[in-house]
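What follows is a set of notes on a single structure, which appears directly below.
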Amino acid sequence: RATEVLVGLLALGYPVLLVLVAGTSYWLTGRALAPVEAMRRRVAGITATDPSARVPVPPSRDEVAQLATTMNAMLDRLATAAEAQRRFVADASHELRSPLATIRAAHEIAAVHPEASDWSVVNTDVLSEVARLERLVDDLLFLARSDERGLHPQSEDVDLDDLVSAEAGRLRRTTGLRVAVHASPVRVVGDRHQLGRALRNLVDNAARHASGGVELRTERRSGQAVIDVVDDGPGVPAGERERIFERFVRLDASRQRPAGGAGLGREIARAHGGELSVVEHAGGAHLQLRLPLSAESSRSVGHPRTVQVEAG
């Protein structure tokens with residue numbers, strides 16, 4: 001009889017208890033996941049046109065609140081990256097448009113006034129702008145490849161003093177600047193093409209802002225290979241010494257100033273285990289590239305050779 005009573009009670013009470021437990025579990029789970037659902041709805045509505053939108057952070061200090069905080073930090077990084085990309089596209093577009101506008105203007109003026117045009121001057125101006133356009137396209141292709149696959153420098157012996165001497169000779173041939181070279185034999189292991197590109201960008205930037213002269217130095221210092229590029233121009237304001245390494249950055253709002261750099265130097269330096277920075281300098285800009293010495297260069301000690309190169 002006791003067994004029959006117990007079976008009857010269970011037959012009546014177990015389904016009710018099961019429904020009660022299921023309903024309570026569903027209600028509690030819904031309340032616990034309500035912040036997650038709110039985050040899901042907010043994330044589903046975030047688009048590129050509203051990069052400032054963020055997910056709500058629940059007042060609790062549990063894992064759901066930590067998830068919301070982490071997602072907001074991720075959205076902050078994505079918004080910063082998107083803004084940098086938009087600024088990069090706008091600046092790069094302007095850099096490409098400037099030489100094209102100059103070439104078009106030169107040819108239109110020569111076509112309208114052929115009798116007053118000096119075609120040798122026109123050709124010189126056009127070729128100069130074409131060379132600038134080629135450098136910009138090369139830089140853009142290099143940046144695109146580095147963003148897609150990353151910088152993977154080759155490992156070969158590179159004599160930095162030879163690269164510096166070659167750049168000094170190029171400046172002598174193409175500018176009217178005084179170029180001083182103080183080159184100690186320094187060898188590193190890296191990618192000759194990438195290091196040459198970084199050095200050329202630094203030298204071109206120095207030549208663009210120099211008043212009358214540029215100084216190039218290579219030496220060993222504190223177990224590193226150091227390249228110093230110094231010009232006697234207006235220098236870099238203290239508040240802008242990090243921003244100048246961004247891509248195609250300009251230190252003023254005017255778009256009539258010379259083109260900004262492609263921002264390759266620091267990326268290449270860091271890919272080689274080094275660093276590029278601005279050094280305090282009175283009366284001009286001083287950029288310093290530091291790279292790890294090769295094992296052979298660390299053991300050997302070379303004698304510096306100083307060459308004063310004057311533009312002819």
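Here, A, B, ... name the chains of the structure tokens in the order displayed, residue numbers run from 1 inside each chain, and ligands are numbered from 1 in the same displayed order.
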
* **All strand (DSSP E) positions in range 111-308 of chain A, as a ChimeraX atom specification** => /A:156-159,178-183,187-190,213-221,224-231,275-278,286-292,305-308

* Distance query Ser277 in chain A at most 12 Å, only C-alpha atoms, self and fewer than 6 positions along chain excluded, as JSON, numbers by chain -> {"A": [202, 226, 227, 228, 229, 236, 238, 240, 241, 242, 243, 244, 245, 265, 266, 267, 269, 270, 285, 286, 287, 288, 289, 290, 291]}

Since we have the selection now, will you write its residues out, keeping N, CA, C and O atoms, as an mmCIF file, in the first residue's frame?
data_model
loop_
_atom_site.group_PDB
_atom_site.id
_atom_site.type_symbol
_atom_site.label_atom_id
_atom_site.label_comp_id
_atom_site.auth_asym_id
_atom_site.auth_seq_id
_atom_site.Cartn_x
_atom_site.Cartn_y
_atom_site.Cartn_z
ATOM 1 N N LEU A 202 64.742 58.896 -45.113
ATOM 2 C CA LEU A 202 65.282 59.826 -44.125
ATOM 3 C C LEU A 202 66.104 60.920 -44.796
ATOM 4 O O LEU A 202 65.993 62.106 -44.449
ATOM 5 N N VAL A 226 74.486 52.681 -35.525
ATOM 6 C CA VAL A 226 73.722 53.924 -35.433
ATOM 7 C C VAL A 226 73.950 54.738 -36.702
ATOM 8 O O VAL A 226 75.090 54.944 -37.125
ATOM 9 N N ILE A 227 72.849 55.168 -37.306
ATOM 10 C CA ILE A 227 72.885 56.099 -38.432
ATOM 11 C C ILE A 227 72.213 57.386 -37.982
ATOM 12 O O ILE A 227 71.061 57.372 -37.531
ATOM 13 N N ASP A 228 72.933 58.499 -38.101
ATOM 14 C CA ASP A 228 72.394 59.812 -37.763
ATOM 15 C C ASP A 228 72.209 60.618 -39.042
ATOM 16 O O ASP A 228 73.145 60.722 -39.849
ATOM 17 N N VAL A 229 71.016 61.175 -39.219
ATOM 18 C CA VAL A 229 70.716 62.049 -40.352
ATOM 19 C C VAL A 229 70.322 63.399 -39.770
ATOM 20 O O VAL A 229 69.297 63.515 -39.090
ATOM 21 N N VAL A 236 61.973 69.609 -35.729
ATOM 22 C CA VAL A 236 60.691 68.959 -35.466
ATOM 23 C C VAL A 236 60.203 69.415 -34.090
ATOM 24 O O VAL A 236 60.924 69.265 -33.107
ATOM 25 N N ALA A 238 58.634 69.467 -30.445
ATOM 26 C CA ALA A 238 58.671 68.389 -29.453
ATOM 27 C C ALA A 238 57.369 67.590 -29.422
ATOM 28 O O ALA A 238 57.384 66.372 -29.233
ATOM 29 N N GLU A 240 55.482 66.806 -31.829
ATOM 30 C CA GLU A 240 55.208 66.096 -33.079
ATOM 31 C C GLU A 240 56.220 64.987 -33.358
ATOM 32 O O GLU A 240 56.197 64.418 -34.436
ATOM 33 N N ARG A 241 57.084 64.694 -32.401
ATOM 34 C CA ARG A 241 58.187 63.772 -32.669
ATOM 35 C C ARG A 241 57.775 62.317 -32.788
ATOM 36 O O ARG A 241 58.560 61.499 -33.232
ATOM 37 N N GLU A 242 56.589 61.985 -32.378
ATOM 38 C CA GLU A 242 56.081 60.641 -32.607
ATOM 39 C C GLU A 242 55.149 60.613 -33.813
ATOM 40 O O GLU A 242 55.128 59.640 -34.563
ATOM 41 N N ARG A 243 54.421 61.686 -34.024
ATOM 42 C CA ARG A 243 53.444 61.703 -35.114
ATOM 43 C C ARG A 243 54.090 61.714 -36.480
ATOM 44 O O ARG A 243 53.478 61.288 -37.466
ATOM 45 N N ILE A 244 55.342 62.202 -36.581
ATOM 46 C CA ILE A 244 55.971 62.273 -37.902
ATOM 47 C C ILE A 244 56.236 60.900 -38.488
ATOM 48 O O ILE A 244 56.484 60.782 -39.688
ATOM 49 N N PHE A 245 56.181 59.850 -37.662
ATOM 50 C CA PHE A 245 56.430 58.506 -38.176
ATOM 51 C C PHE A 245 55.158 57.830 -38.669
ATOM 52 O O PHE A 245 55.190 56.684 -39.109
ATOM 53 N N GLY A 265 60.066 54.292 -42.408
ATOM 54 C CA GLY A 265 61.316 54.129 -41.681
ATOM 55 C C GLY A 265 61.182 53.355 -40.398
ATOM 56 O O GLY A 265 61.935 52.406 -40.137
ATOM 57 N N ARG A 266 60.231 53.738 -39.563
ATOM 58 C CA ARG A 266 60.107 53.064 -38.261
ATOM 59 C C ARG A 266 59.656 51.625 -38.427
ATOM 60 O O ARG A 266 60.122 50.735 -37.694
ATOM 61 N N GLU A 267 58.760 51.350 -39.369
ATOM 62 C CA GLU A 267 58.309 49.979 -39.584
ATOM 63 C C GLU A 267 59.473 49.088 -40.015
ATOM 64 O O GLU A 267 59.618 47.957 -39.545
ATOM 65 N N ALA A 269 62.702 49.680 -39.453
ATOM 66 C CA ALA A 269 63.644 49.577 -38.340
ATOM 67 C C ALA A 269 63.187 48.524 -37.342
ATOM 68 O O ALA A 269 63.982 47.683 -36.890
ATOM 69 N N ARG A 270 61.919 48.536 -36.982
ATOM 70 C CA ARG A 270 61.422 47.577 -35.997
ATOM 71 C C ARG A 270 61.392 46.163 -36.555
ATOM 72 O O ARG A 270 61.564 45.200 -35.802
ATOM 73 N N ALA A 285 66.787 69.278 -37.558
ATOM 74 C CA ALA A 285 66.220 67.979 -37.194
ATOM 75 C C ALA A 285 67.326 66.937 -37.149
ATOM 76 O O ALA A 285 68.239 66.943 -37.970
ATOM 77 N N HIS A 286 67.215 66.026 -36.202
ATOM 78 C CA HIS A 286 68.189 64.955 -36.041
ATOM 79 C C HIS A 286 67.424 63.656 -35.863
ATOM 80 O O HIS A 286 66.797 63.422 -34.835
ATOM 81 N N LEU A 287 67.440 62.816 -36.891
ATOM 82 C CA LEU A 287 66.796 61.511 -36.832
ATOM 83 C C LEU A 287 67.861 60.442 -36.697
ATOM 84 O O LEU A 287 68.896 60.493 -37.383
ATOM 85 N N GLN A 288 67.588 59.477 -35.835
ATOM 86 C CA GLN A 288 68.580 58.453 -35.524
ATOM 87 C C GLN A 288 67.980 57.065 -35.728
ATOM 88 O O GLN A 288 66.931 56.733 -35.181
ATOM 89 N N LEU A 289 68.675 56.265 -36.534
ATOM 90 C CA LEU A 289 68.279 54.884 -36.805
ATOM 91 C C LEU A 289 69.250 53.961 -36.094
ATOM 92 O O LEU A 289 70.464 54.021 -36.335
ATOM 93 N N ARG A 290 68.727 53.103 -35.211
ATOM 94 C CA ARG A 290 69.549 52.147 -34.467
ATOM 95 C C ARG A 290 69.190 50.729 -34.896
ATOM 96 O O ARG A 290 68.009 50.383 -34.977
ATOM 97 N N LEU A 291 70.222 49.927 -35.153
ATOM 98 C CA LEU A 291 70.030 48.550 -35.589
ATOM 99 C C LEU A 291 71.002 47.649 -34.843
ATOM 100 O O LEU A 291 72.100 48.090 -34.470
#

* Å distance separating CA of Glu156 in chain A from CA of Gly190 in chain A, one decimal place -> 5.3 Å

* **Residue among A:Ala2, A:Met74, A:Val55, A:Leu264 lying closest to Phe142 in chain A, counting only C-alpha atoms** =>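 Among the listed residues, A:Leu264 lies closest to Phe142 in chain A.
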
* Asked: Which residues, written as a list in words, have at least one atom at most 8 Å from range 101-110 of chain A, with only C-alpha atoms counted and residues fewer than 4 positions away on the same chain left out?
  ->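 These residues fall inside the cut-off: Arg97, Pro114, Ala116, Ser117, Trp119, Val122, Asp125, Val126 and Glu129 of chain A.
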
* Asked: In range 12-172 of chain A, what's alpha helix (DSSP H) per DSSP? Answer as a VMD selection string?
  -> chain A and resid 12 to 45 63 to 112 119 to 149 160 to 172

* Shell of 12 Å around Ala225 in chain A, only C-alpha atoms, local chain residues under 2 positions omitted, as number ranges by chain -> A: 158-161, 183-189, 217-223, 227-228, 269, 272-276, 288-295, 297-298

* To do: Name all residues at most 12 Å from Asp231 in chain A (count only C-alpha atoms; drop same-chain ones fewer than 3 positions away) and give them as a ChimeraX atom specification.
  => /A:177-180,202-217,228,234-236,279,281-288

* Structure fact -> Using only C-alpha atoms, the residue out of A:Pro153, A:Thr174, A:Leu143, A:Ser165 with shortest distance to Ser128 in chain A is A:Thr174

* Just how far from CA of Ser93 in chain A is CA of Asp191 in chain A, in Å to one decimal? -> 28.8 Å
